[in-house]
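Asker: Here's a structure for you.
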Amino acid sequence: MSTKVLLTGAAGFIGSHFAEALLARGFHVTGIDNFDPFYAREVKERNLEGVSKHTSFEFVEADVARDPLPLDGMEAIVHLAAKPGVRPSLEDPGAYMEANVTATARLLDAARRRGITRIVFGSSSSVYGNATPAPFDEDEPAVVPISPYAASKRAGELLAHTFAHLYPLRIMCLRFFTVYGPRQRPDLAIHKFTDLIARGRPIRMHGDGSSERDYTYITDVLDGVMAGLDWTAQAGPGTGDIVNLGGGARVRLDRLIALIAAALGREPTIERHPDQPGDVRLTDADLEHAGRVLGFRPKVGIEEGIRKFVDWYQEVHGRQSRAPSRAG
């Protein structure tokens, strides 16, 4: 009998890829998604096309914060459902608390009542804020988040810690560092910049281009999440841990833009704007703990990853007619 896994956020970017990875490993997957209108429903429906006809995949449209959860027979939960986005969380923080904190508490409570002890929780590098010295180590307190989204993810981690030791569960919290790749959310920088440059439209660059991010390619993240799920099968009761999943290098914003433009064969038009509230200046994952606990080592560097992403973008959206390079 294959292991039954409940996967929340299954129609999202990371969730849909992980559903495919689970099925490839022989798991039976029940996916949940509420098709939050943060971006178009049809985009998420396309994300599920690869798994929707698989005999070991079932899908339930539901809101983790409000609806009954299909937990019968489940042996593990991978909780990736969340209301995403740092900047939008400044506009509607209450909704982020419900979707990211209340939903997580409700899921953990339902799991412990059903005796489901294996849980993976998708967290975020945003919890480190601007006060954590680089590279970001999981032992740093992470108590100064600078956006409601970041606060909601840190709250989820604290709930996971509490539930793991009280009930006792086995919970792995994974801090994702700017995940990108095919099917990335259209609001995120790499996807947005690629689309605008490809269409010959100007891009907005906030700050002077010196801000840095640790970008993580989707296949590396999938390896990390799968390793986290395997960890829950081996860990003792009442065990919780937090692990960074990063790409292994800091990339300046202006370099990122240059890499995308080069992959597209176009010259970018850049509009400069001030830094935005809630955005951190730097993310930088210390991966020593990830290597020790999960055997995690990122394999895809930023140059290769951007080429792969641009190839996917052009396959999906078509190759835009190339404008003459401004360099001549």
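Each chain of the structure tokens is named A, B, ... in the order shown, its residues numbered from 1; ligands are numbered from 1 in display order.
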Considering only C-alpha atoms, return as a PyMOL selection string whatever protein or nucleic-acid residues lie within 7 Å of range 2-18 of chain A, sequence-local ones (same chain, fewer than 3 positions apart) excluded.
Answerer: chain A and resi 21-22+26-33+44-45+47-48+73-81+183-185+222
Asker: Create the file for the chosen residues now, containing N, CA and C atoms and written as a PDB file, in the first residue's frame.
Answerer:
ATOM      1  N   ALA A  21       6.131  15.224  -7.898  1.00  0.00           N
ATOM      2  CA  ALA A  21       7.247  14.503  -7.297  1.00  0.00           C
ATOM      3  C   ALA A  21       6.772  13.370  -6.392  1.00  0.00           C
ATOM      4  N   LEU A  22       5.715  13.629  -5.625  1.00  0.00           N
ATOM      5  CA  LEU A  22       5.164  12.586  -4.761  1.00  0.00           C
ATOM      6  C   LEU A  22       4.622  11.413  -5.575  1.00  0.00           C
ATOM      7  N   GLY A  26       5.607   7.211  -5.890  1.00  0.00           N
ATOM      8  CA  GLY A  26       4.656   6.158  -5.566  1.00  0.00           C
ATOM      9  C   GLY A  26       3.705   6.464  -4.434  1.00  0.00           C
ATOM     10  N   PHE A  27       3.643   7.723  -3.985  1.00  0.00           N
ATOM     11  CA  PHE A  27       2.691   8.106  -2.955  1.00  0.00           C
ATOM     12  C   PHE A  27       1.288   8.249  -3.547  1.00  0.00           C
ATOM     13  N   HIS A  28       0.286   8.109  -2.686  1.00  0.00           N
ATOM     14  CA  HIS A  28      -1.087   8.494  -3.030  1.00  0.00           C
ATOM     15  C   HIS A  28      -1.305   9.894  -2.477  1.00  0.00           C
ATOM     16  N   VAL A  29      -1.741  10.814  -3.314  1.00  0.00           N
ATOM     17  CA  VAL A  29      -1.803  12.230  -2.946  1.00  0.00           C
ATOM     18  C   VAL A  29      -3.233  12.739  -2.991  1.00  0.00           C
ATOM     19  N   THR A  30      -3.663  13.356  -1.905  1.00  0.00           N
ATOM     20  CA  THR A  30      -4.893  14.141  -1.906  1.00  0.00           C
ATOM     21  C   THR A  30      -4.490  15.603  -1.825  1.00  0.00           C
ATOM     22  N   GLY A  31      -4.802  16.356  -2.865  1.00  0.00           N
ATOM     23  CA  GLY A  31      -4.434  17.758  -2.932  1.00  0.00           C
ATOM     24  C   GLY A  31      -5.591  18.658  -2.537  1.00  0.00           C
ATOM     25  N   ILE A  32      -5.280  19.724  -1.806  1.00  0.00           N
ATOM     26  CA  ILE A  32      -6.269  20.729  -1.407  1.00  0.00           C
ATOM     27  C   ILE A  32      -5.808  22.092  -1.922  1.00  0.00           C
ATOM     28  N   ASP A  33      -6.741  22.867  -2.420  1.00  0.00           N
ATOM     29  CA  ASP A  33      -6.458  24.265  -2.758  1.00  0.00           C
ATOM     30  C   ASP A  33      -7.783  25.021  -2.749  1.00  0.00           C
ATOM     31  N   LYS A  44      -3.752  28.329 -11.955  1.00  0.00           N
ATOM     32  CA  LYS A  44      -3.634  27.205 -11.026  1.00  0.00           C
ATOM     33  C   LYS A  44      -4.238  25.930 -11.608  1.00  0.00           C
ATOM     34  N   GLU A  45      -5.319  26.067 -12.341  1.00  0.00           N
ATOM     35  CA  GLU A  45      -5.904  24.886 -12.974  1.00  0.00           C
ATOM     36  C   GLU A  45      -4.939  24.272 -13.981  1.00  0.00           C
ATOM     37  N   ASN A  47      -1.752  24.420 -13.672  1.00  0.00           N
ATOM     38  CA  ASN A  47      -0.717  23.779 -12.869  1.00  0.00           C
ATOM     39  C   ASN A  47      -1.052  22.329 -12.542  1.00  0.00           C
ATOM     40  N   LEU A  48      -2.344  22.033 -12.432  1.00  0.00           N
ATOM     41  CA  LEU A  48      -2.787  20.695 -12.037  1.00  0.00           C
ATOM     42  C   LEU A  48      -2.971  19.739 -13.210  1.00  0.00           C
ATOM     43  N   GLY A  73      -7.376   8.197   6.570  1.00  0.00           N
ATOM     44  CA  GLY A  73      -6.335   7.354   6.007  1.00  0.00           C
ATOM     45  C   GLY A  73      -5.018   8.043   5.749  1.00  0.00           C
ATOM     46  N   MET A  74      -4.914   9.344   6.049  1.00  0.00           N
ATOM     47  CA  MET A  74      -3.670  10.067   5.773  1.00  0.00           C
ATOM     48  C   MET A  74      -2.576   9.660   6.764  1.00  0.00           C
ATOM     49  N   GLU A  75      -1.361   9.535   6.231  1.00  0.00           N
ATOM     50  CA  GLU A  75      -0.213   9.189   7.064  1.00  0.00           C
ATOM     51  C   GLU A  75       0.761  10.354   7.223  1.00  0.00           C
ATOM     52  N   ALA A  76       0.639  11.354   6.351  1.00  0.00           N
ATOM     53  CA  ALA A  76       1.525  12.517   6.428  1.00  0.00           C
ATOM     54  C   ALA A  76       0.834  13.710   5.784  1.00  0.00           C
ATOM     55  N   ILE A  77       1.264  14.907   6.198  1.00  0.00           N
ATOM     56  CA  ILE A  77       0.716  16.151   5.648  1.00  0.00           C
ATOM     57  C   ILE A  77       1.878  17.039   5.223  1.00  0.00           C
ATOM     58  N   VAL A  78       1.779  17.576   4.009  1.00  0.00           N
ATOM     59  CA  VAL A  78       2.709  18.602   3.547  1.00  0.00           C
ATOM     60  C   VAL A  78       1.883  19.875   3.376  1.00  0.00           C
ATOM     61  N   HIS A  79       2.146  20.840   4.254  1.00  0.00           N
ATOM     62  CA  HIS A  79       1.305  22.045   4.328  1.00  0.00           C
ATOM     63  C   HIS A  79       1.996  23.213   3.628  1.00  0.00           C
ATOM     64  N   LEU A  80       1.632  23.411   2.368  1.00  0.00           N
ATOM     65  CA  LEU A  80       2.195  24.501   1.560  1.00  0.00           C
ATOM     66  C   LEU A  80       1.187  25.611   1.296  1.00  0.00           C
ATOM     67  N   ALA A  81      -0.072  25.399   1.672  1.00  0.00           N
ATOM     68  CA  ALA A  81      -1.093  26.423   1.423  1.00  0.00           C
ATOM     69  C   ALA A  81      -0.792  27.659   2.249  1.00  0.00           C
ATOM     70  N   ARG A 183       6.325  27.666 -13.949  1.00  0.00           N
ATOM     71  CA  ARG A 183       5.065  27.861 -13.226  1.00  0.00           C
ATOM     72  C   ARG A 183       5.197  28.797 -12.032  1.00  0.00           C
ATOM     73  N   GLN A 184       6.319  29.506 -11.915  1.00  0.00           N
ATOM     74  CA  GLN A 184       6.448  30.475 -10.831  1.00  0.00           C
ATOM     75  C   GLN A 184       5.289  31.465 -10.874  1.00  0.00           C
ATOM     76  N   ARG A 185       4.865  31.929  -9.699  1.00  0.00           N
ATOM     77  CA  ARG A 185       3.776  32.903  -9.626  1.00  0.00           C
ATOM     78  C   ARG A 185       4.075  34.110 -10.505  1.00  0.00           C
ATOM     79  N   LEU A 222      12.242  20.993  -4.369  1.00  0.00           N
ATOM     80  CA  LEU A 222      11.526  19.720  -4.317  1.00  0.00           C
ATOM     81  C   LEU A 222      12.363  18.654  -3.630  1.00  0.00           C
TER      82      LEU A 222
END
Asker: Write out as a count of residues only all residues of range 21-175 of chain A that backbone DSSP assigns to strand (DSSP E).
Answerer: 28
Asker: Using only C-alpha atoms, find the one residue out of A:Ala99, A:Val251, A:Val60, A:Ile306 that sits nearest to Pro148 in chain A.
Answerer: A:Ala99
Asker: Quick one: pick out all helix (DSSP H, G or I) residues within range 232-274 of chain A from a backbone DSSP run and write them as a list in words.
Answerer: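 Matching residues, listed in order: Thr232, Ala233, Gln234, Leu253, Asp254, Arg255, Leu256, Ile257, Ala258, Leu259, Ile260, Ala261, Ala262, Ala263 and Leu264 of chain A.
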Asker: How would the residues just picked look written out with N, CA, C and O atoms as a compact mmCIF listing (two decimals), in the first residue's frame?
Answerer:
# COMPACT_ATOMS: atom_id res chain seq x y z
N THR A 232 10.51 13.08 8.54
CA THR A 232 9.40 12.86 9.48
C THR A 232 9.12 11.38 9.71
O THR A 232 8.51 11.02 10.72
N ALA A 233 9.55 10.54 8.78
CA ALA A 233 9.34 9.10 8.97
C ALA A 233 10.38 8.50 9.92
O ALA A 233 10.16 7.43 10.49
N GLN A 234 11.51 9.20 10.09
CA GLN A 234 12.60 8.66 10.91
C GLN A 234 12.72 9.34 12.27
O GLN A 234 13.28 8.76 13.20
N LEU A 253 20.19 42.40 -7.51
CA LEU A 253 19.03 42.65 -8.35
C LEU A 253 19.43 43.08 -9.76
O LEU A 253 18.86 42.60 -10.75
N ASP A 254 20.43 43.96 -9.87
CA ASP A 254 20.82 44.40 -11.21
C ASP A 254 21.43 43.26 -12.03
O ASP A 254 21.26 43.19 -13.25
N ARG A 255 22.13 42.34 -11.35
CA ARG A 255 22.66 41.17 -12.07
C ARG A 255 21.54 40.25 -12.51
O ARG A 255 21.57 39.69 -13.62
N LEU A 256 20.55 40.06 -11.67
CA LEU A 256 19.41 39.22 -12.04
C LEU A 256 18.75 39.76 -13.31
O LEU A 256 18.46 38.99 -14.24
N ILE A 257 18.51 41.06 -13.36
CA ILE A 257 17.89 41.67 -14.53
C ILE A 257 18.76 41.44 -15.77
O ILE A 257 18.25 41.10 -16.85
N ALA A 258 20.08 41.60 -15.61
CA ALA A 258 20.99 41.41 -16.74
C ALA A 258 20.95 39.96 -17.24
O ALA A 258 20.99 39.72 -18.46
N LEU A 259 20.88 39.00 -16.33
CA LEU A 259 20.83 37.59 -16.73
C LEU A 259 19.55 37.28 -17.51
O LEU A 259 19.58 36.55 -18.51
N ILE A 260 18.43 37.81 -17.04
CA ILE A 260 17.16 37.58 -17.73
C ILE A 260 17.19 38.20 -19.12
O ILE A 260 16.80 37.57 -20.12
N ALA A 261 17.68 39.45 -19.21
CA ALA A 261 17.74 40.13 -20.50
C ALA A 261 18.64 39.38 -21.48
O ALA A 261 18.31 39.23 -22.66
N ALA A 262 19.79 38.88 -20.98
CA ALA A 262 20.70 38.14 -21.84
C ALA A 262 20.06 36.85 -22.35
O ALA A 262 20.22 36.49 -23.52
N ALA A 263 19.34 36.16 -21.47
CA ALA A 263 18.69 34.91 -21.88
C ALA A 263 17.61 35.16 -22.93
O ALA A 263 17.35 34.34 -23.80
N LEU A 264 16.97 36.33 -22.85
CA LEU A 264 15.94 36.70 -23.81
C LEU A 264 16.52 37.32 -25.08
O LEU A 264 15.82 37.45 -26.10
Asker: Would you list the contacts of Asp208 in chain A as a PyMOL selection string, taking every protein, DNA or RNA residue within 9 Å and counting only C-alpha atoms, but skipping same-chain residues closer than 3 positions in sequence?
Answerer: chain A and resi 205+211+253-254+272-275
Asker: For the selection you just gave me, I'd like the residues written to a file as a PDB file, in the first residue's frame, keeping C-alpha atoms.
Answerer:
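The new file out.pdb reads:
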ATOM      1  CA  MET A 205      13.519  48.416 -10.199  1.00  0.00           C
ATOM      2  CA  SER A 211      19.759  44.457  -2.931  1.00  0.00           C
ATOM      3  CA  LEU A 253      19.026  42.648  -8.354  1.00  0.00           C
ATOM      4  CA  ASP A 254      20.819  44.399 -11.212  1.00  0.00           C
ATOM      5  CA  ARG A 272      14.099  53.333 -10.995  1.00  0.00           C
ATOM      6  CA  HIS A 273      11.911  53.661  -7.898  1.00  0.00           C
ATOM      7  CA  PRO A 274      12.536  53.918  -4.138  1.00  0.00           C
ATOM      8  CA  ASP A 275      12.742  50.837  -1.930  1.00  0.00           C
TER       9      ASP A 275
END
Asker: Would you mind telling me which residue in A:Tyr215, A:Ser123, A:Pro237, A:Met97 lies nearest to Leu166 in chain A when using only C-alpha atoms?
Answerer: A:Pro237
Asker: Go through A:Leu196, A:Leu294, A:Ala227, A:Ile302 one by one, measure the shortest atom-to-atom distance of each to Gly248 in chain A using only C-alpha atoms, and give the residue with the smallest value.
Answerer: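 Of A:Leu196, A:Leu294, A:Ala227, A:Ile302, the one nearest Gly248 in chain A, counting only C-alpha atoms, is A:Ile302.
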